[in-house]
Amino acid sequence: TQEFETEIAKVETTIAPGVSDSPDARPELQRPDYDQVATLPRQEIFAAPKALQYKAAGQVTKSGASGVLSDAARYNPNLAGTILAWRDAAGEIDANNPGRIYAVDGHNRLDLANRLGYEGGVNVQFIDAPDVATARTIGAMSNIANRNGTPTDAAKVLRDTGMSIEDMASMGVAPSGSVARVAIGLRDLPQDLFDKVVAGDVSEEIGSAIGKGGLPDQVQRDILDRKSTRLNSSHR
């Protein structure tokens, strides 16, 4: 039943690994209270992808969906889990609607529920964030921890926030994860080389390998130039 599913979500959330009982812990590490977990009608959860969607593929859609569930034929609450949500009390996203609830991690699942007209209620966990920037970072790190999105998506967050490997680990994100591992190398590329990765001119794997060396910017450029020259010569 819906009530039973909600109670399961509450228990799973409050026993989640990596949380802290200390009131002084960072918001994203604090153990959630029961009132932070709820089952809401899908119509009460909104999407603001330009502000809160960390995946580039979802930032250009109205729903924030990146397409990974485009061919799903059913919203299954047993598989959907819990959507991370944030209540914009101050109306930072929409000044005309303070207090509106937005998806932070779960845009594709919310879009699926909306497209199929699911009326069973959506399980959400509210995050504690003082502003939209913090909410977006928490949502991004949740995605990275679950290996969602691309390394380039993740690297943009790391570059924007200046987050270190230690910071990631303290938030419960394994730096050795498939998305995080590549993103860490991309984080340290000079901007012009990172732009080439974003444009698809340099692969994420090559860009990450160059960035991980901790070498001066010009040395990284020289390495890429030499690699490109060798590749061009081999194709002649």
# chains A, B, ... in the order shown; residues from 1 in each chain; ligands from 1
$ closest_atom_pairs --of "range 79-124 of chain A" --to "range 136-146 of chain A" --cutoff "12 Å" --atoms "only C-alpha atoms" --output "JSON lines"
{"residue": "A:Thr82", "atom": "CA", "partner": "A:Ser142", "partner_atom": "CA", "distance": 11.8}
{"residue": "A:Ile83", "atom": "CA", "partner": "A:Gly139", "partner_atom": "CA", "distance": 10.0}
{"residue": "A:Leu84", "atom": "CA", "partner": "A:Gly139", "partner_atom": "CA", "distance": 7.2}
{"residue": "A:Ala85", "atom": "CA", "partner": "A:Gly139", "partner_atom": "CA", "distance": 8.6}
{"residue": "A:Trp86", "atom": "CA", "partner": "A:Arg136", "partner_atom": "CA", "distance": 9.3}
{"residue": "A:Asp88", "atom": "CA", "partner": "A:Arg136", "partner_atom": "CA", "distance": 11.9}
{"residue": "A:Ile93", "atom": "CA", "partner": "A:Arg136", "partner_atom": "CA", "distance": 11.9}
{"residue": "A:Tyr102", "atom": "CA", "partner": "A:Arg136", "partner_atom": "CA", "distance": 10.6}
{"residue": "A:Ala103", "atom": "CA", "partner": "A:Gly139", "partner_atom": "CA", "distance": 8.8}
{"residue": "A:Val104", "atom": "CA", "partner": "A:Gly139", "partner_atom": "CA", "distance": 5.0}
{"residue": "A:Asp105", "atom": "CA", "partner": "A:Gly139", "partner_atom": "CA", "distance": 5.1}
{"residue": "A:Gly106", "atom": "CA", "partner": "A:Gly139", "partner_atom": "CA", "distance": 8.8}
{"residue": "A:His107", "atom": "CA", "partner": "A:Gly139", "partner_atom": "CA", "distance": 10.5}
{"residue": "A:Asn108", "atom": "CA", "partner": "A:Asn143", "partner_atom": "CA", "distance": 11.9}
$ write_last_selection --atoms "all heavy atoms" --output "short mmCIF file (atom, residue, chain, number, x, y, z; two decimals), in the first residue's frame"
data_model
loop_
_atom_site.label_atom_id
_atom_site.label_comp_id
_atom_site.auth_asym_id
_atom_site.auth_seq_id
_atom_site.Cartn_x
_atom_site.Cartn_y
_atom_site.Cartn_z
N THR A 82 13.18 6.95 -3.94
CA THR A 82 12.83 8.24 -3.36
C THR A 82 13.48 9.37 -4.15
O THR A 82 14.68 9.35 -4.40
CB THR A 82 13.30 8.31 -1.89
OG1 THR A 82 12.73 7.21 -1.16
CG2 THR A 82 12.86 9.61 -1.24
N ILE A 83 12.68 10.34 -4.53
CA ILE A 83 13.18 11.50 -5.25
C ILE A 83 13.68 12.53 -4.24
O ILE A 83 13.01 12.80 -3.23
CB ILE A 83 12.06 12.12 -6.12
CG1 ILE A 83 11.75 11.19 -7.29
CG2 ILE A 83 12.44 13.51 -6.61
CD1 ILE A 83 10.59 11.66 -8.15
N LEU A 84 14.86 13.09 -4.46
CA LEU A 84 15.33 14.19 -3.62
C LEU A 84 14.62 15.46 -4.04
O LEU A 84 14.50 15.77 -5.23
CB LEU A 84 16.84 14.39 -3.78
CG LEU A 84 17.78 13.41 -3.08
CD1 LEU A 84 19.22 13.92 -3.19
CD2 LEU A 84 17.41 13.21 -1.62
N ALA A 85 14.13 16.20 -3.06
CA ALA A 85 13.37 17.41 -3.34
C ALA A 85 13.81 18.53 -2.42
O ALA A 85 14.35 18.31 -1.33
CB ALA A 85 11.87 17.16 -3.18
N TRP A 86 13.57 19.76 -2.87
CA TRP A 86 13.93 20.94 -2.09
C TRP A 86 12.77 21.91 -2.09
O TRP A 86 12.17 22.18 -3.14
CB TRP A 86 15.16 21.62 -2.70
CG TRP A 86 15.58 22.89 -2.02
CD1 TRP A 86 15.95 23.04 -0.72
CD2 TRP A 86 15.68 24.19 -2.61
NE1 TRP A 86 16.28 24.35 -0.46
CE2 TRP A 86 16.12 25.09 -1.60
CE3 TRP A 86 15.44 24.68 -3.89
CZ2 TRP A 86 16.33 26.44 -1.84
CZ3 TRP A 86 15.64 26.04 -4.14
CH2 TRP A 86 16.08 26.90 -3.11
N ASP A 88 11.68 25.56 -1.87
CA ASP A 88 12.23 26.90 -2.09
C ASP A 88 11.43 27.91 -1.28
O ASP A 88 10.58 28.63 -1.82
CB ASP A 88 12.19 27.23 -3.58
CG ASP A 88 12.82 28.57 -3.91
OD1 ASP A 88 13.48 29.16 -3.02
OD2 ASP A 88 12.64 29.04 -5.05
N ILE A 93 13.76 30.64 -6.93
CA ILE A 93 13.57 30.23 -8.32
C ILE A 93 12.40 30.97 -8.96
O ILE A 93 12.49 31.44 -10.09
CB ILE A 93 13.36 28.70 -8.41
CG1 ILE A 93 14.65 27.98 -8.00
CG2 ILE A 93 12.94 28.28 -9.82
CD1 ILE A 93 14.52 26.48 -7.95
N TYR A 102 10.65 21.47 -5.47
CA TYR A 102 11.31 21.16 -6.74
C TYR A 102 12.10 19.85 -6.63
O TYR A 102 12.70 19.56 -5.59
CB TYR A 102 12.29 22.28 -7.13
CG TYR A 102 11.61 23.58 -7.46
CD1 TYR A 102 11.46 24.56 -6.48
CD2 TYR A 102 11.12 23.85 -8.74
CE1 TYR A 102 10.83 25.76 -6.77
CE2 TYR A 102 10.50 25.05 -9.04
CZ TYR A 102 10.36 26.00 -8.05
OH TYR A 102 9.75 27.20 -8.34
N ALA A 103 12.12 19.11 -7.73
CA ALA A 103 12.97 17.93 -7.81
C ALA A 103 14.43 18.36 -7.89
O ALA A 103 14.77 19.29 -8.62
CB ALA A 103 12.61 17.10 -9.03
N VAL A 104 15.27 17.69 -7.12
CA VAL A 104 16.71 17.97 -7.13
C VAL A 104 17.46 16.80 -7.76
O VAL A 104 18.39 16.98 -8.53
CB VAL A 104 17.21 18.23 -5.69
CG1 VAL A 104 18.72 18.35 -5.66
CG2 VAL A 104 16.58 19.50 -5.13
N ASP A 105 17.04 15.59 -7.43
CA ASP A 105 17.56 14.38 -8.07
C ASP A 105 16.38 13.47 -8.29
O ASP A 105 15.77 12.99 -7.34
CB ASP A 105 18.60 13.69 -7.18
CG ASP A 105 19.13 12.40 -7.78
OD1 ASP A 105 18.82 12.12 -8.96
OD2 ASP A 105 19.86 11.67 -7.08
N GLY A 106 16.02 13.25 -9.56
CA GLY A 106 14.86 12.43 -9.86
C GLY A 106 14.00 13.01 -10.97
O GLY A 106 12.83 12.65 -11.10
N HIS A 107 14.60 13.89 -11.79
CA HIS A 107 13.84 14.53 -12.86
C HIS A 107 13.25 13.51 -13.84
O HIS A 107 12.11 13.66 -14.29
CB HIS A 107 14.73 15.52 -13.63
CG HIS A 107 15.11 16.72 -12.84
ND1 HIS A 107 16.20 16.73 -11.99
CD2 HIS A 107 14.56 17.96 -12.76
CE1 HIS A 107 16.31 17.92 -11.43
NE2 HIS A 107 15.33 18.68 -11.88
N ASN A 108 14.01 12.49 -14.17
CA ASN A 108 13.52 11.49 -15.12
C ASN A 108 12.36 10.69 -14.55
O ASN A 108 11.39 10.39 -15.25
CB ASN A 108 14.66 10.55 -15.54
CG ASN A 108 15.65 11.21 -16.47
OD1 ASN A 108 15.37 11.46 -17.63
ND2 ASN A 108 16.84 11.54 -15.95
#
$ residues_around --residues "Thr161 in chain A" --least-positions-apart "5" --cutoff "10 Å" --atoms "only C-alpha atoms" --output "mmCIF file with N, CA and C atoms, in the first residue's frame"
data_model
loop_
_atom_site.group_PDB
_atom_site.id
_atom_site.type_symbol
_atom_site.label_atom_id
_atom_site.label_comp_id
_atom_site.auth_asym_id
_atom_site.auth_seq_id
_atom_site.Cartn_x
_atom_site.Cartn_y
_atom_site.Cartn_z
ATOM 1 N N ALA A 133 21.816 27.166 -4.945
ATOM 2 C CA ALA A 133 23.145 26.683 -5.308
ATOM 3 C C ALA A 133 23.530 25.455 -4.484
ATOM 4 N N THR A 134 23.229 25.505 -3.181
ATOM 5 C CA THR A 134 23.529 24.360 -2.321
ATOM 6 C C THR A 134 22.661 23.167 -2.685
ATOM 7 N N THR A 137 24.048 21.494 -5.745
ATOM 8 C CA THR A 137 25.259 20.725 -5.459
ATOM 9 C C THR A 137 24.919 19.396 -4.803
ATOM 10 N N ALA A 155 32.268 16.860 -13.774
ATOM 11 C CA ALA A 155 33.436 17.733 -13.732
ATOM 12 C C ALA A 155 33.025 19.204 -13.669
ATOM 13 N N LYS A 156 31.946 19.563 -14.346
ATOM 14 C CA LYS A 156 31.470 20.947 -14.288
ATOM 15 C C LYS A 156 31.128 21.339 -12.859
#
$ residues_around --residues "Val198 in chain A" --least-positions-apart "4" --cutoff "10 Å" --atoms "only C-alpha atoms" --output "ChimeraX atom specification"
/A:152-153,156,192-194,202-204
$ atom_distance --atom1 "CA of Ser170 in chain A" --atom2 "CA of Ala57 in chain A"
27.7 Å
$ closest_residue --among "A:Ala80, A:Leu189, A:Leu112, A:Val122" --to "Ala38 in chain A" --atoms "only C-alpha atoms"
A:Val122
$ select_by_dssp --residues "range 4-231 of chain A" --states "strand (DSSP E or B)" --output "list in words"
Ser20, Gln30, Val37, Ala38, Thr39, Leu40, Ile45, Phe46, Ile83, Leu84, Ala85, Trp86, Arg87, Asp88, Arg100, Ile101, Tyr102, Ala103, Val104, Asp105, Val122, Asn123, Val124, Gln125 and Phe126 of chain A
$ closest_residue --among "A:Gln53, A:Thr150, A:Ser63, A:Gln36" --to "Leu186 in chain A" --atoms "only C-alpha atoms"
A:Thr150
$ residues_around --residues "Arg100 in chain A" --least-positions-apart "5" --cutoff "12 Å" --atoms "only C-alpha atoms" --output "PyMOL selection string"
chain A and resi 43-48+85-95
$ write_last_selection --atoms "N, CA, C and O atoms" --output "PDB file, in the first residue's frame"
ATOM      1  N   GLN A  43       1.742  16.227  -8.825  1.00  0.00           N
ATOM      2  CA  GLN A  43       1.442  17.604  -9.239  1.00  0.00           C
ATOM      3  C   GLN A  43       2.031  18.643  -8.289  1.00  0.00           C
ATOM      4  O   GLN A  43       2.109  19.823  -8.640  1.00  0.00           O
ATOM      5  N   GLU A  44       2.453  18.214  -7.101  1.00  0.00           N
ATOM      6  CA  GLU A  44       3.013  19.154  -6.123  1.00  0.00           C
ATOM      7  C   GLU A  44       4.533  19.277  -6.236  1.00  0.00           C
ATOM      8  O   GLU A  44       5.146  20.063  -5.510  1.00  0.00           O
ATOM      9  N   ILE A  45       5.131  18.504  -7.141  1.00  0.00           N
ATOM     10  CA  ILE A  45       6.582  18.533  -7.318  1.00  0.00           C
ATOM     11  C   ILE A  45       6.880  19.139  -8.681  1.00  0.00           C
ATOM     12  O   ILE A  45       6.371  18.668  -9.702  1.00  0.00           O
ATOM     13  N   PHE A  46       7.692  20.178  -8.700  1.00  0.00           N
ATOM     14  CA  PHE A  46       7.968  20.907  -9.939  1.00  0.00           C
ATOM     15  C   PHE A  46       9.411  20.680 -10.384  1.00  0.00           C
ATOM     16  O   PHE A  46      10.257  20.198  -9.627  1.00  0.00           O
ATOM     17  N   ALA A  47       9.665  21.035 -11.616  1.00  0.00           N
ATOM     18  CA  ALA A  47      11.015  20.930 -12.180  1.00  0.00           C
ATOM     19  C   ALA A  47      11.510  22.324 -12.552  1.00  0.00           C
ATOM     20  O   ALA A  47      10.767  23.132 -13.110  1.00  0.00           O
ATOM     21  N   ALA A  48      12.760  22.587 -12.223  1.00  0.00           N
ATOM     22  CA  ALA A  48      13.432  23.826 -12.619  1.00  0.00           C
ATOM     23  C   ALA A  48      14.813  23.431 -13.120  1.00  0.00           C
ATOM     24  O   ALA A  48      15.819  23.647 -12.447  1.00  0.00           O
ATOM     25  N   ALA A  85      14.126  16.197  -3.055  1.00  0.00           N
ATOM     26  CA  ALA A  85      13.369  17.411  -3.339  1.00  0.00           C
ATOM     27  C   ALA A  85      13.809  18.534  -2.420  1.00  0.00           C
ATOM     28  O   ALA A  85      14.345  18.307  -1.331  1.00  0.00           O
ATOM     29  N   TRP A  86      13.572  19.756  -2.869  1.00  0.00           N
ATOM     30  CA  TRP A  86      13.934  20.945  -2.091  1.00  0.00           C
ATOM     31  C   TRP A  86      12.768  21.914  -2.088  1.00  0.00           C
ATOM     32  O   TRP A  86      12.170  22.183  -3.135  1.00  0.00           O
ATOM     33  N   ARG A  87      12.435  22.432  -0.904  1.00  0.00           N
ATOM     34  CA  ARG A  87      11.379  23.432  -0.782  1.00  0.00           C
ATOM     35  C   ARG A  87      12.007  24.827  -0.842  1.00  0.00           C
ATOM     36  O   ARG A  87      12.797  25.207   0.023  1.00  0.00           O
ATOM     37  N   ASP A  88      11.678  25.562  -1.874  1.00  0.00           N
ATOM     38  CA  ASP A  88      12.231  26.900  -2.089  1.00  0.00           C
ATOM     39  C   ASP A  88      11.426  27.910  -1.283  1.00  0.00           C
ATOM     40  O   ASP A  88      10.584  28.633  -1.816  1.00  0.00           O
ATOM     41  N   ALA A  89      11.718  27.946   0.017  1.00  0.00           N
ATOM     42  CA  ALA A  89      10.918  28.769   0.925  1.00  0.00           C
ATOM     43  C   ALA A  89      10.947  30.244   0.571  1.00  0.00           C
ATOM     44  O   ALA A  89       9.949  30.959   0.729  1.00  0.00           O
ATOM     45  N   ALA A  90      12.077  30.730   0.089  1.00  0.00           N
ATOM     46  CA  ALA A  90      12.224  32.160  -0.189  1.00  0.00           C
ATOM     47  C   ALA A  90      11.771  32.541  -1.597  1.00  0.00           C
ATOM     48  O   ALA A  90      11.775  33.727  -1.940  1.00  0.00           O
ATOM     49  N   GLY A  91      11.408  31.576  -2.412  1.00  0.00           N
ATOM     50  CA  GLY A  91      11.020  31.885  -3.782  1.00  0.00           C
ATOM     51  C   GLY A  91      12.188  32.331  -4.637  1.00  0.00           C
ATOM     52  O   GLY A  91      12.056  33.197  -5.499  1.00  0.00           O
ATOM     53  N   GLU A  92      13.344  31.703  -4.402  1.00  0.00           N
ATOM     54  CA  GLU A  92      14.547  32.084  -5.145  1.00  0.00           C
ATOM     55  C   GLU A  92      14.408  31.740  -6.629  1.00  0.00           C
ATOM     56  O   GLU A  92      14.885  32.485  -7.494  1.00  0.00           O
ATOM     57  N   ILE A  93      13.762  30.637  -6.931  1.00  0.00           N
ATOM     58  CA  ILE A  93      13.570  30.229  -8.325  1.00  0.00           C
ATOM     59  C   ILE A  93      12.402  30.970  -8.958  1.00  0.00           C
ATOM     60  O   ILE A  93      12.488  31.442 -10.094  1.00  0.00           O
ATOM     61  N   ASP A  94      11.297  31.067  -8.220  1.00  0.00           N
ATOM     62  CA  ASP A  94      10.108  31.754  -8.714  1.00  0.00           C
ATOM     63  C   ASP A  94       9.562  32.627  -7.595  1.00  0.00           C
ATOM     64  O   ASP A  94       8.937  32.125  -6.653  1.00  0.00           O
ATOM     65  N   ALA A  95       9.800  33.927  -7.712  1.00  0.00           N
ATOM     66  CA  ALA A  95       9.394  34.856  -6.657  1.00  0.00           C
ATOM     67  C   ALA A  95       7.887  34.862  -6.440  1.00  0.00           C
ATOM     68  O   ALA A  95       7.414  35.236  -5.354  1.00  0.00           O
TER      69      ALA A  95
END
$ select_by_dssp --residues "range 30-135 of chain A" --states "helix (DSSP H, G or I)" --output "ChimeraX atom specification"
/A:34-36,42-44,49-52,56-59,77-80,107-115,132-135
$ residues_around --residues "Gly117 in chain A" --least-positions-apart "6" --cutoff "12 Å" --atoms "only C-alpha atoms" --output "JSON, numbers by chain"
{"A": [41, 42, 43, 73, 74, 75, 110, 111]}
$ closest_residue --among "A:Ala56, A:Gly177, A:Ala72, A:Ile223" --to "Val157 in chain A" --atoms "only C-alpha atoms"
A:Ala56
$ closest_residue --among "A:Ser164, A:Gln218, A:Asn123, A:Asn96" --to "Leu79 in chain A" --atoms "only C-alpha atoms"
A:Asn123
$ atom_distance --atom1 "CA of Ile127 in chain A" --atom2 "CA of Arg109 in chain A"
17.5 Å
$ decode --residues "range 113-156 of chain A" --atoms "N, CA and C atoms" --output "compact mmCIF listing (two decimals), in the first residue's frame"
# COMPACT_ATOMS: atom_id res chain seq x y z
N ALA A 113 6.39 9.77 -14.20
CA ALA A 113 5.11 9.79 -13.48
C ALA A 113 4.13 10.77 -14.11
N ASN A 114 4.63 11.91 -14.54
CA ASN A 114 3.76 12.91 -15.16
C ASN A 114 3.27 12.46 -16.53
N ARG A 115 4.17 11.90 -17.33
CA ARG A 115 3.78 11.47 -18.68
C ARG A 115 2.73 10.38 -18.65
N LEU A 116 2.83 9.49 -17.66
CA LEU A 116 1.91 8.36 -17.60
C LEU A 116 0.72 8.64 -16.69
N GLY A 117 0.66 9.83 -16.11
CA GLY A 117 -0.48 10.19 -15.26
C GLY A 117 -0.57 9.36 -14.00
N TYR A 118 0.58 8.99 -13.43
CA TYR A 118 0.60 8.16 -12.22
C TYR A 118 -0.05 8.92 -11.06
N GLU A 119 -0.99 8.26 -10.36
CA GLU A 119 -1.72 8.92 -9.28
C GLU A 119 -1.49 8.27 -7.93
N GLY A 120 -0.51 7.41 -7.81
CA GLY A 120 -0.30 6.69 -6.55
C GLY A 120 0.50 7.43 -5.50
N GLY A 121 1.03 8.60 -5.82
CA GLY A 121 1.88 9.31 -4.88
C GLY A 121 3.34 9.01 -5.12
N VAL A 122 4.18 10.01 -4.98
CA VAL A 122 5.62 9.89 -5.24
C VAL A 122 6.37 10.07 -3.93
N ASN A 123 7.24 9.13 -3.60
CA ASN A 123 8.04 9.24 -2.38
C ASN A 123 9.16 10.26 -2.58
N VAL A 124 9.29 11.20 -1.65
CA VAL A 124 10.33 12.21 -1.73
C VAL A 124 11.07 12.31 -0.41
N GLN A 125 12.31 12.70 -0.49
CA GLN A 125 13.09 13.08 0.69
C GLN A 125 13.51 14.53 0.51
N PHE A 126 13.13 15.37 1.46
CA PHE A 126 13.49 16.78 1.40
C PHE A 126 14.93 16.96 1.87
N ILE A 127 15.68 17.75 1.13
CA ILE A 127 17.04 18.08 1.55
C ILE A 127 17.02 19.40 2.28
N ASP A 128 17.99 19.59 3.15
CA ASP A 128 18.13 20.83 3.92
C ASP A 128 19.19 21.68 3.23
N ALA A 129 18.75 22.69 2.51
CA ALA A 129 19.69 23.55 1.78
C ALA A 129 19.23 25.00 1.92
N PRO A 130 20.16 25.91 2.23
CA PRO A 130 19.78 27.31 2.44
C PRO A 130 19.46 28.06 1.15
N ASP A 131 19.94 27.56 0.02
CA ASP A 131 19.73 28.28 -1.24
C ASP A 131 19.79 27.31 -2.41
N VAL A 132 19.47 27.83 -3.60
CA VAL A 132 19.39 26.98 -4.78
C VAL A 132 20.75 26.41 -5.16
N ALA A 133 21.82 27.17 -4.95
CA ALA A 133 23.15 26.68 -5.31
C ALA A 133 23.53 25.46 -4.48
N THR A 134 23.23 25.50 -3.18
CA THR A 134 23.53 24.36 -2.32
C THR A 134 22.66 23.17 -2.69
N ALA A 135 21.39 23.43 -2.98
CA ALA A 135 20.48 22.35 -3.38
C ALA A 135 20.97 21.67 -4.65
N ARG A 136 21.43 22.47 -5.60
CA ARG A 136 21.90 21.90 -6.86
C ARG A 136 23.15 21.04 -6.62
N THR A 137 24.05 21.49 -5.75
CA THR A 137 25.26 20.73 -5.46
C THR A 137 24.92 19.40 -4.80
N ILE A 138 23.98 19.41 -3.86
CA ILE A 138 23.58 18.17 -3.19
C ILE A 138 22.97 17.21 -4.21
N GLY A 139 22.12 17.74 -5.09
CA GLY A 139 21.52 16.89 -6.12
C GLY A 139 22.57 16.32 -7.06
N ALA A 140 23.53 17.15 -7.41
CA ALA A 140 24.60 16.68 -8.29
C ALA A 140 25.42 15.59 -7.65
N MET A 141 25.77 15.76 -6.38
CA MET A 141 26.59 14.76 -5.71
C MET A 141 25.82 13.45 -5.52
N SER A 142 24.51 13.55 -5.35
CA SER A 142 23.69 12.34 -5.28
C SER A 142 23.76 11.59 -6.60
N ASN A 143 23.66 12.32 -7.70
CA ASN A 143 23.77 11.70 -9.01
C ASN A 143 25.14 11.07 -9.22
N ILE A 144 26.19 11.79 -8.86
CA ILE A 144 27.55 11.29 -9.04
C ILE A 144 27.77 10.04 -8.20
N ALA A 145 27.28 10.05 -6.96
CA ALA A 145 27.43 8.90 -6.09
C ALA A 145 26.76 7.66 -6.67
N ASN A 146 25.65 7.88 -7.39
CA ASN A 146 24.92 6.77 -8.01
C ASN A 146 25.35 6.52 -9.45
N ARG A 147 26.44 7.17 -9.87
CA ARG A 147 27.05 6.98 -11.19
C ARG A 147 26.10 7.37 -12.32
N ASN A 148 25.32 8.42 -12.07
CA ASN A 148 24.42 8.93 -13.10
C ASN A 148 25.02 10.17 -13.75
N GLY A 149 24.57 10.46 -14.96
CA GLY A 149 25.15 11.58 -15.69
C GLY A 149 26.48 11.18 -16.30
N THR A 150 27.13 12.15 -16.93
CA THR A 150 28.43 11.89 -17.57
C THR A 150 29.55 12.45 -16.73
N PRO A 151 30.79 11.97 -16.94
CA PRO A 151 31.92 12.57 -16.24
C PRO A 151 32.06 14.07 -16.51
N THR A 152 31.68 14.50 -17.72
CA THR A 152 31.74 15.93 -18.03
C THR A 152 30.75 16.70 -17.18
N ASP A 153 29.52 16.17 -17.02
CA ASP A 153 28.54 16.80 -16.14
C ASP A 153 29.12 16.95 -14.73
N ALA A 154 29.70 15.86 -14.23
CA ALA A 154 30.24 15.86 -12.88
C ALA A 154 31.41 16.82 -12.76
N ALA A 155 32.27 16.86 -13.77
CA ALA A 155 33.44 17.73 -13.73
C ALA A 155 33.02 19.20 -13.67
N LYS A 156 31.95 19.56 -14.35
CA LYS A 156 31.47 20.95 -14.29
C LYS A 156 31.13 21.34 -12.86
